[in-house]
Amino acid sequence: MVRVRFAPSPTGFLHVGGARTALFNYLFARHFNGIFVLRIEDTDIARSERIFEKNLMDSLRWLKIQWDEGPDVGGPYGPYRQSERLHIYREYAEKLVRENKAYRVYAYPEEIEQLREELLSKNLPPHYTREMFDRFATKVRIREYEEKGIQPAIYFSMPRKTIVHNDLIKGQVVFTEGSVGDFALLRSNGMPTYNFACVVDDMLMKITHVIRGDDHLPNTVKQLAIYEAFGVEPPQIGHVSMILGPDGKKLSKRHGATSVEEFRARGYLPEAVVNYLALLGWSPPDAQEIMSMEEMIEKFSIERVSKNPAIFDPGKLKWMNGHYIRKSQVKTIVELLIPYVESKGWSYKSKEWLENVFLCVRDRMHTLEEFTDLADFFFVRPEVTLQTDEAIRRGLLECAARLEQAGELTKEGLVNVFREVIKGSKLNAKDFYMSLRRALTGKSEGPELIDVVTLLGRVETAARIRKALGVG
RNA sequence: GCCCCCAUCGUCUAGCGGCCUAGGACACUGGCCUUUCAAGCCAGAAGCAGGGGUUCGAAUCCCCUUGGGGGCGCCA
């Protein structure tokens with residue numbers, strides 16, 4: 001049974017990088033009918049917040065990445081929040097201490113920081129060893145800890161040997177002896193560190209495959225050493241390369257929208273976000289780029305995940321979002337559009353009318369957010385004063401008059417009215433239509449004019465013509 | 001300073017020794033369609049970082065250089 005997990009720390013919104021990692025894990029699990037676990041890594045008490053945890057879950061749900069086990073739904077290997085598993089980490093850390101694979105450190109964090117800087121200033125790698133810590137463990141210091149009720153941190157004694165890792169994505173990676181020093185397992189506040197909690201949980205939660213970001217590759221050697229210390233076979237581990245900003249640097253806020261939350265707010269569809277993210281570092285065996293979640297699940301394989309870092313291209317996401325807006329059910333999109341319309345304080349005649357308005361501007365939309373700019377004139381009369389020659393002016397006024405006098409008109413009927421006026425007054429059709437467009441929409445480009453007139457109605461059309469010409 | 005990863009059009013990628021005259025997608029340019037802008041369709045321009053090997057044959061394998069990224073925390 002394949003068991004994978006996505007283990008974010010609730011210290012911010014779900015970033016596209018995290019979303020892509022979650023997606024790959026999800027696709028991998030579903031492809032093999034396995035289990036996808038959501039684990040919250042909230043061991044950094046200073047930065048972890050419950051609202052971020054909620055937001056993380058909301059974002060995942062929005063993307064339709066569903067977990068089978070997690071803090072909210074539970075599961076056989078819970079709890080799934082690390083802050084609720086502290087006794088477990090303690091127990092496992094003590095076990096390593098008993099076996100002399102880990103040891104207590106009686107140095108204060110500031111002292112360790114000082115040690116680190118000393119090493120760095122001597123151009124030595126900032127690696128700690130047990131010997132370096134020994135000088136702090138004086139009888140006086142130990143008593144001080146006891147009196148103050150401080151727990152010593154527990155450090156892992158890194159074995160001095162070369163460790164070979166066979167990465168699911170990168171292939172064989174060799175960590176030569178001495179590339180890392182001893183490191184903390186448990187902090188003096190009792191909280192486990194990432195590398196330790198991660199291994200204990202993956203072990204206990206029976207995780208079979210780990211797919212995570214490239215930035216964790218250097219951690220792997222530490223984690224493999226911990227697995228070995230416990231005498232446990234590690235899961236298969238694969239590292240996906242990072243998502244970079246357009247400048248080739250790690251994607252961050254200064255590159256614009258980077259969180260799933262922002263993309264949702266800006267009118268992106270989850271189908272587009274997920275589809276785009278899947279293509280960032282993975283490609284299906286056929287060349288098909290537009291895929292549903294089901295298709296991605298079917299086609300996904302870790303072998304086809306690329307090794308190179310990918311630059312996030314907002315342009316392609318936008319294109320893909322436009323594509324999904326056009327391919328989705330009209331009713332579905334209109335429902336999503338209503339909040340945008342209401343936030344502008346606009347009212348609409350009926351949903352059917354709104355659907356038709358949407359259909360008018362659909363081909364120009366890339367995001368839902370763009371709807372209000374594209375379709376504003378359907379809701380509000382534009383402020384325009386038309387500067388036009390006398391012939392066109394007269395033609396437009398004639399149109400207005402004829403529209404008002406006419407009964408209900410079909411599309412063909414409307415077209416005929418315009419054609420007759422153009423013909424009768426020998427107007428330049430292009431100039432006439434452009435003036436009409438300006439009068440009705442206030443813009444020089446936009447939807448098919450007949451559709452605009454149809455949706456506006458005869459009366460409103462006539463009124464806008466007169467208003468633009470400063471008549472009546 | 002040390003360790004690790006990566007390297008095909010501007011961008012995402014296909015390619016896993018001969019099917020490559022390097023394929024697709026976004027973006028770009030031109031055309032068609034069209035009263036406008038789009039959408040759609042068609043066409044085009046654009047790339048194997050550089051240098052050494054291995055081989056009958058290299059984008060594909062090896063080495064070096066260069067470039068980019070990540071890490072070396074009582075952060076994750």
# chains A, B, ... in the order shown; residues from 1 in each chain; ligands from 1

call {"tool": "select_by_dssp", "arguments": {"residues": "segment 136-370 of chain A", "states": "strand (DSSP E)", "output": "PyMOL selection string"}}
result
chain A and resi 153-156+163-167+171-175+183-186+209-213+236-240+243-244+310-311

call {"tool": "write_last_selection", "arguments": {"atoms": "N, CA, C and O atoms", "output": "CSV table (one decimal), in the first residue's frame"}}
result
chain,number,residue,atom,x,y,z
A,153,ALA,N,18.9,20.4,25.5
A,153,ALA,CA,18.5,20.0,24.2
A,153,ALA,C,19.2,18.6,23.9
A,153,ALA,O,20.1,18.2,24.6
A,154,ILE,N,18.6,17.9,23.0
A,154,ILE,CA,19.2,16.6,22.6
A,154,ILE,C,19.7,16.7,21.2
A,154,ILE,O,19.0,17.1,20.3
A,155,TYR,N,21.0,16.3,21.1
A,155,TYR,CA,21.6,16.4,19.7
A,155,TYR,C,21.9,15.0,19.2
A,155,TYR,O,22.2,14.1,20.0
A,156,PHE,N,21.8,14.9,17.9
A,156,PHE,CA,22.1,13.6,17.3
A,156,PHE,C,23.6,13.5,17.0
A,156,PHE,O,24.2,14.4,16.5
A,163,ILE,N,27.3,8.5,3.2
A,163,ILE,CA,25.9,8.0,3.1
A,163,ILE,C,25.4,8.2,1.6
A,163,ILE,O,25.6,9.2,1.1
A,164,VAL,N,25.0,7.1,1.1
A,164,VAL,CA,24.5,7.1,-0.3
A,164,VAL,C,23.0,7.1,-0.3
A,164,VAL,O,22.3,6.3,0.3
A,165,HIS,N,22.4,8.0,-1.1
A,165,HIS,CA,21.0,8.2,-1.2
A,165,HIS,C,20.5,8.0,-2.6
A,165,HIS,O,21.1,8.6,-3.5
A,166,ASN,N,19.6,7.1,-2.8
A,166,ASN,CA,19.0,6.9,-4.2
A,166,ASN,C,17.7,7.6,-4.3
A,166,ASN,O,16.7,7.2,-3.8
A,167,ASP,N,17.8,8.8,-5.0
A,167,ASP,CA,16.7,9.6,-5.1
A,167,ASP,C,15.8,9.2,-6.2
A,167,ASP,O,16.2,8.9,-7.3
A,171,GLY,N,18.2,10.6,-8.8
A,171,GLY,CA,19.2,9.5,-8.9
A,171,GLY,C,20.1,9.4,-7.7
A,171,GLY,O,19.8,9.9,-6.6
A,172,GLN,N,21.3,8.8,-7.9
A,172,GLN,CA,22.1,8.6,-6.8
A,172,GLN,C,22.8,9.9,-6.3
A,172,GLN,O,23.4,10.6,-7.1
A,173,VAL,N,22.7,10.1,-5.0
A,173,VAL,CA,23.4,11.3,-4.4
A,173,VAL,C,24.3,10.8,-3.3
A,173,VAL,O,23.8,10.1,-2.4
A,174,VAL,N,25.5,11.2,-3.4
A,174,VAL,CA,26.5,10.7,-2.4
A,174,VAL,C,26.8,11.9,-1.4
A,174,VAL,O,27.2,12.9,-1.8
A,175,PHE,N,26.6,11.6,-0.1
A,175,PHE,CA,27.0,12.6,0.9
A,175,PHE,C,28.3,12.1,1.5
A,175,PHE,O,28.2,11.1,2.3
A,183,PHE,N,23.5,17.5,15.0
A,183,PHE,CA,22.4,18.5,14.9
A,183,PHE,C,21.3,18.2,16.0
A,183,PHE,O,21.3,17.1,16.5
A,184,ALA,N,20.5,19.2,16.2
A,184,ALA,CA,19.5,19.1,17.3
A,184,ALA,C,18.4,18.2,16.9
A,184,ALA,O,17.9,18.1,15.8
A,185,LEU,N,17.9,17.4,17.9
A,185,LEU,CA,16.7,16.5,17.7
A,185,LEU,C,15.6,17.2,18.5
A,185,LEU,O,14.5,17.3,18.0
A,186,LEU,N,15.9,17.5,19.7
A,186,LEU,CA,14.9,18.1,20.6
A,186,LEU,C,15.5,19.5,21.1
A,186,LEU,O,16.6,19.5,21.5
A,209,HIS,N,6.5,6.6,0.6
A,209,HIS,CA,7.2,7.5,-0.4
A,209,HIS,C,7.2,8.9,0.0
A,209,HIS,O,6.1,9.4,0.4
A,210,VAL,N,8.3,9.6,-0.1
A,210,VAL,CA,8.3,11.0,0.3
A,210,VAL,C,8.6,11.8,-1.0
A,210,VAL,O,9.7,11.6,-1.6
A,211,ILE,N,7.8,12.7,-1.4
A,211,ILE,CA,8.1,13.6,-2.5
A,211,ILE,C,8.0,15.0,-1.9
A,211,ILE,O,7.0,15.4,-1.4
A,212,ARG,N,9.1,15.7,-2.0
A,212,ARG,CA,9.2,17.0,-1.4
A,212,ARG,C,10.1,17.9,-2.2
A,212,ARG,O,10.7,17.5,-3.2
A,213,GLY,N,10.3,19.2,-1.8
A,213,GLY,CA,11.1,20.1,-2.5
A,213,GLY,C,12.6,19.9,-2.4
A,213,GLY,O,13.1,19.3,-1.5
A,236,GLN,N,11.1,5.6,0.3
A,236,GLN,CA,11.7,6.0,-0.9
A,236,GLN,C,11.5,7.6,-1.0
A,236,GLN,O,10.4,8.1,-0.7
A,237,ILE,N,12.6,8.3,-1.3
A,237,ILE,CA,12.5,9.7,-1.3
A,237,ILE,C,12.8,10.3,-2.6
A,237,ILE,O,13.8,9.9,-3.3
A,238,GLY,N,12.0,11.3,-3.0
A,238,GLY,CA,12.3,12.0,-4.3
A,238,GLY,C,12.2,13.5,-4.1
A,238,GLY,O,11.4,14.0,-3.4
A,239,HIS,N,13.1,14.2,-4.7
A,239,HIS,CA,13.2,15.7,-4.6
A,239,HIS,C,12.8,16.4,-5.9
A,239,HIS,O,13.6,16.3,-6.9
A,240,VAL,N,11.8,17.2,-5.8
A,240,VAL,CA,11.4,18.0,-7.0
A,240,VAL,C,12.1,19.3,-6.9
A,240,VAL,O,12.2,19.9,-5.8
A,243,ILE,N,10.5,26.0,-7.7
A,243,ILE,CA,9.9,26.9,-8.6
A,243,ILE,C,10.5,28.3,-8.4
A,243,ILE,O,10.6,28.8,-7.3
A,244,LEU,N,11.1,28.8,-9.5
A,244,LEU,CA,11.8,30.1,-9.4
A,244,LEU,C,10.9,31.2,-10.0
A,244,LEU,O,10.0,31.0,-10.8
A,310,ALA,N,12.2,25.1,-12.3
A,310,ALA,CA,11.3,25.7,-13.3
A,310,ALA,C,10.9,27.2,-12.9
A,310,ALA,O,10.7,27.5,-11.8
A,311,ILE,N,10.9,28.0,-13.9
A,311,ILE,CA,10.5,29.4,-13.7
A,311,ILE,C,9.0,29.5,-13.9
A,311,ILE,O,8.5,29.1,-14.8

call {"tool": "interface_residues", "arguments": {"of": "chain B", "to": "chain A", "cutoff": "8 Å", "atoms": "only C-alpha atoms (C1' of nucleotides)", "output": "PyMOL selection string"}}
result
chain B and resi 1-7+11-14+24-27+35-39+68-72+74-76

call {"tool": "residues_around", "arguments": {"residues": "Val421 of chain A", "least_positions_apart": "5", "cutoff": "12 Å", "atoms": "only C-alpha atoms (C1' of nucleotides)", "output": "list in words"}}
result
Ala391, Ile392, Arg393, Arg394, Gly395, Leu396, Leu397, Glu398, Cys399, Ala400, Ala401, Arg402, Leu403, Leu414, Val415, Asn416, Lys426, Leu427, Asn428, Ala429, Phe432 and Tyr433 of chain A

call {"tool": "residues_around", "arguments": {"residues": "Asn100 of chain A", "least_positions_apart": "4", "cutoff": "9 Å", "atoms": "only C-alpha atoms (C1' of nucleotides)", "output": "list of chain:residue names"}}
result
A:Lys95, A:Leu96, A:Ser157

call {"tool": "closest_residue", "arguments": {"among": "A:Lys101, A:Lys351, A:Arg438, A:Arg266", "to": "Arg130 of chain A", "atoms": "only C-alpha atoms"}}
result
A:Lys101

call {"tool": "select_by_dssp", "arguments": {"residues": "segment 1-71 of chain A", "states": "helix (DSSP H, G or I)", "output": "count of residues only"}}
result
29

call {"tool": "residues_around", "arguments": {"residues": "C62 of chain B", "least_positions_apart": "5", "cutoff": "12 Å", "atoms": "only C-alpha atoms (C1' of nucleotides)", "output": "count of residues only"}}
result
3

call {"tool": "residues_around", "arguments": {"residues": "segment 18-27 of chain A", "least_positions_apart": "5", "cutoff": "7 Å", "atoms": "only C-alpha atoms (C1' of nucleotides)", "output": "count of residues only"}}
result
13

call {"tool": "residues_around", "arguments": {"residues": "A46 of chain B", "least_positions_apart": "5", "cutoff": "10 Å", "atoms": "only C-alpha atoms (C1' of nucleotides)", "output": "VMD selection string"}}
result
chain B and resid 9 to 10 28

call {"tool": "closest_residue", "arguments": {"among": "B:G30, B:G51, B:G44, B:G57", "to": "G18 of chain B", "atoms": "only C-alpha atoms (C1' of nucleotides)"}}
result
B:G57
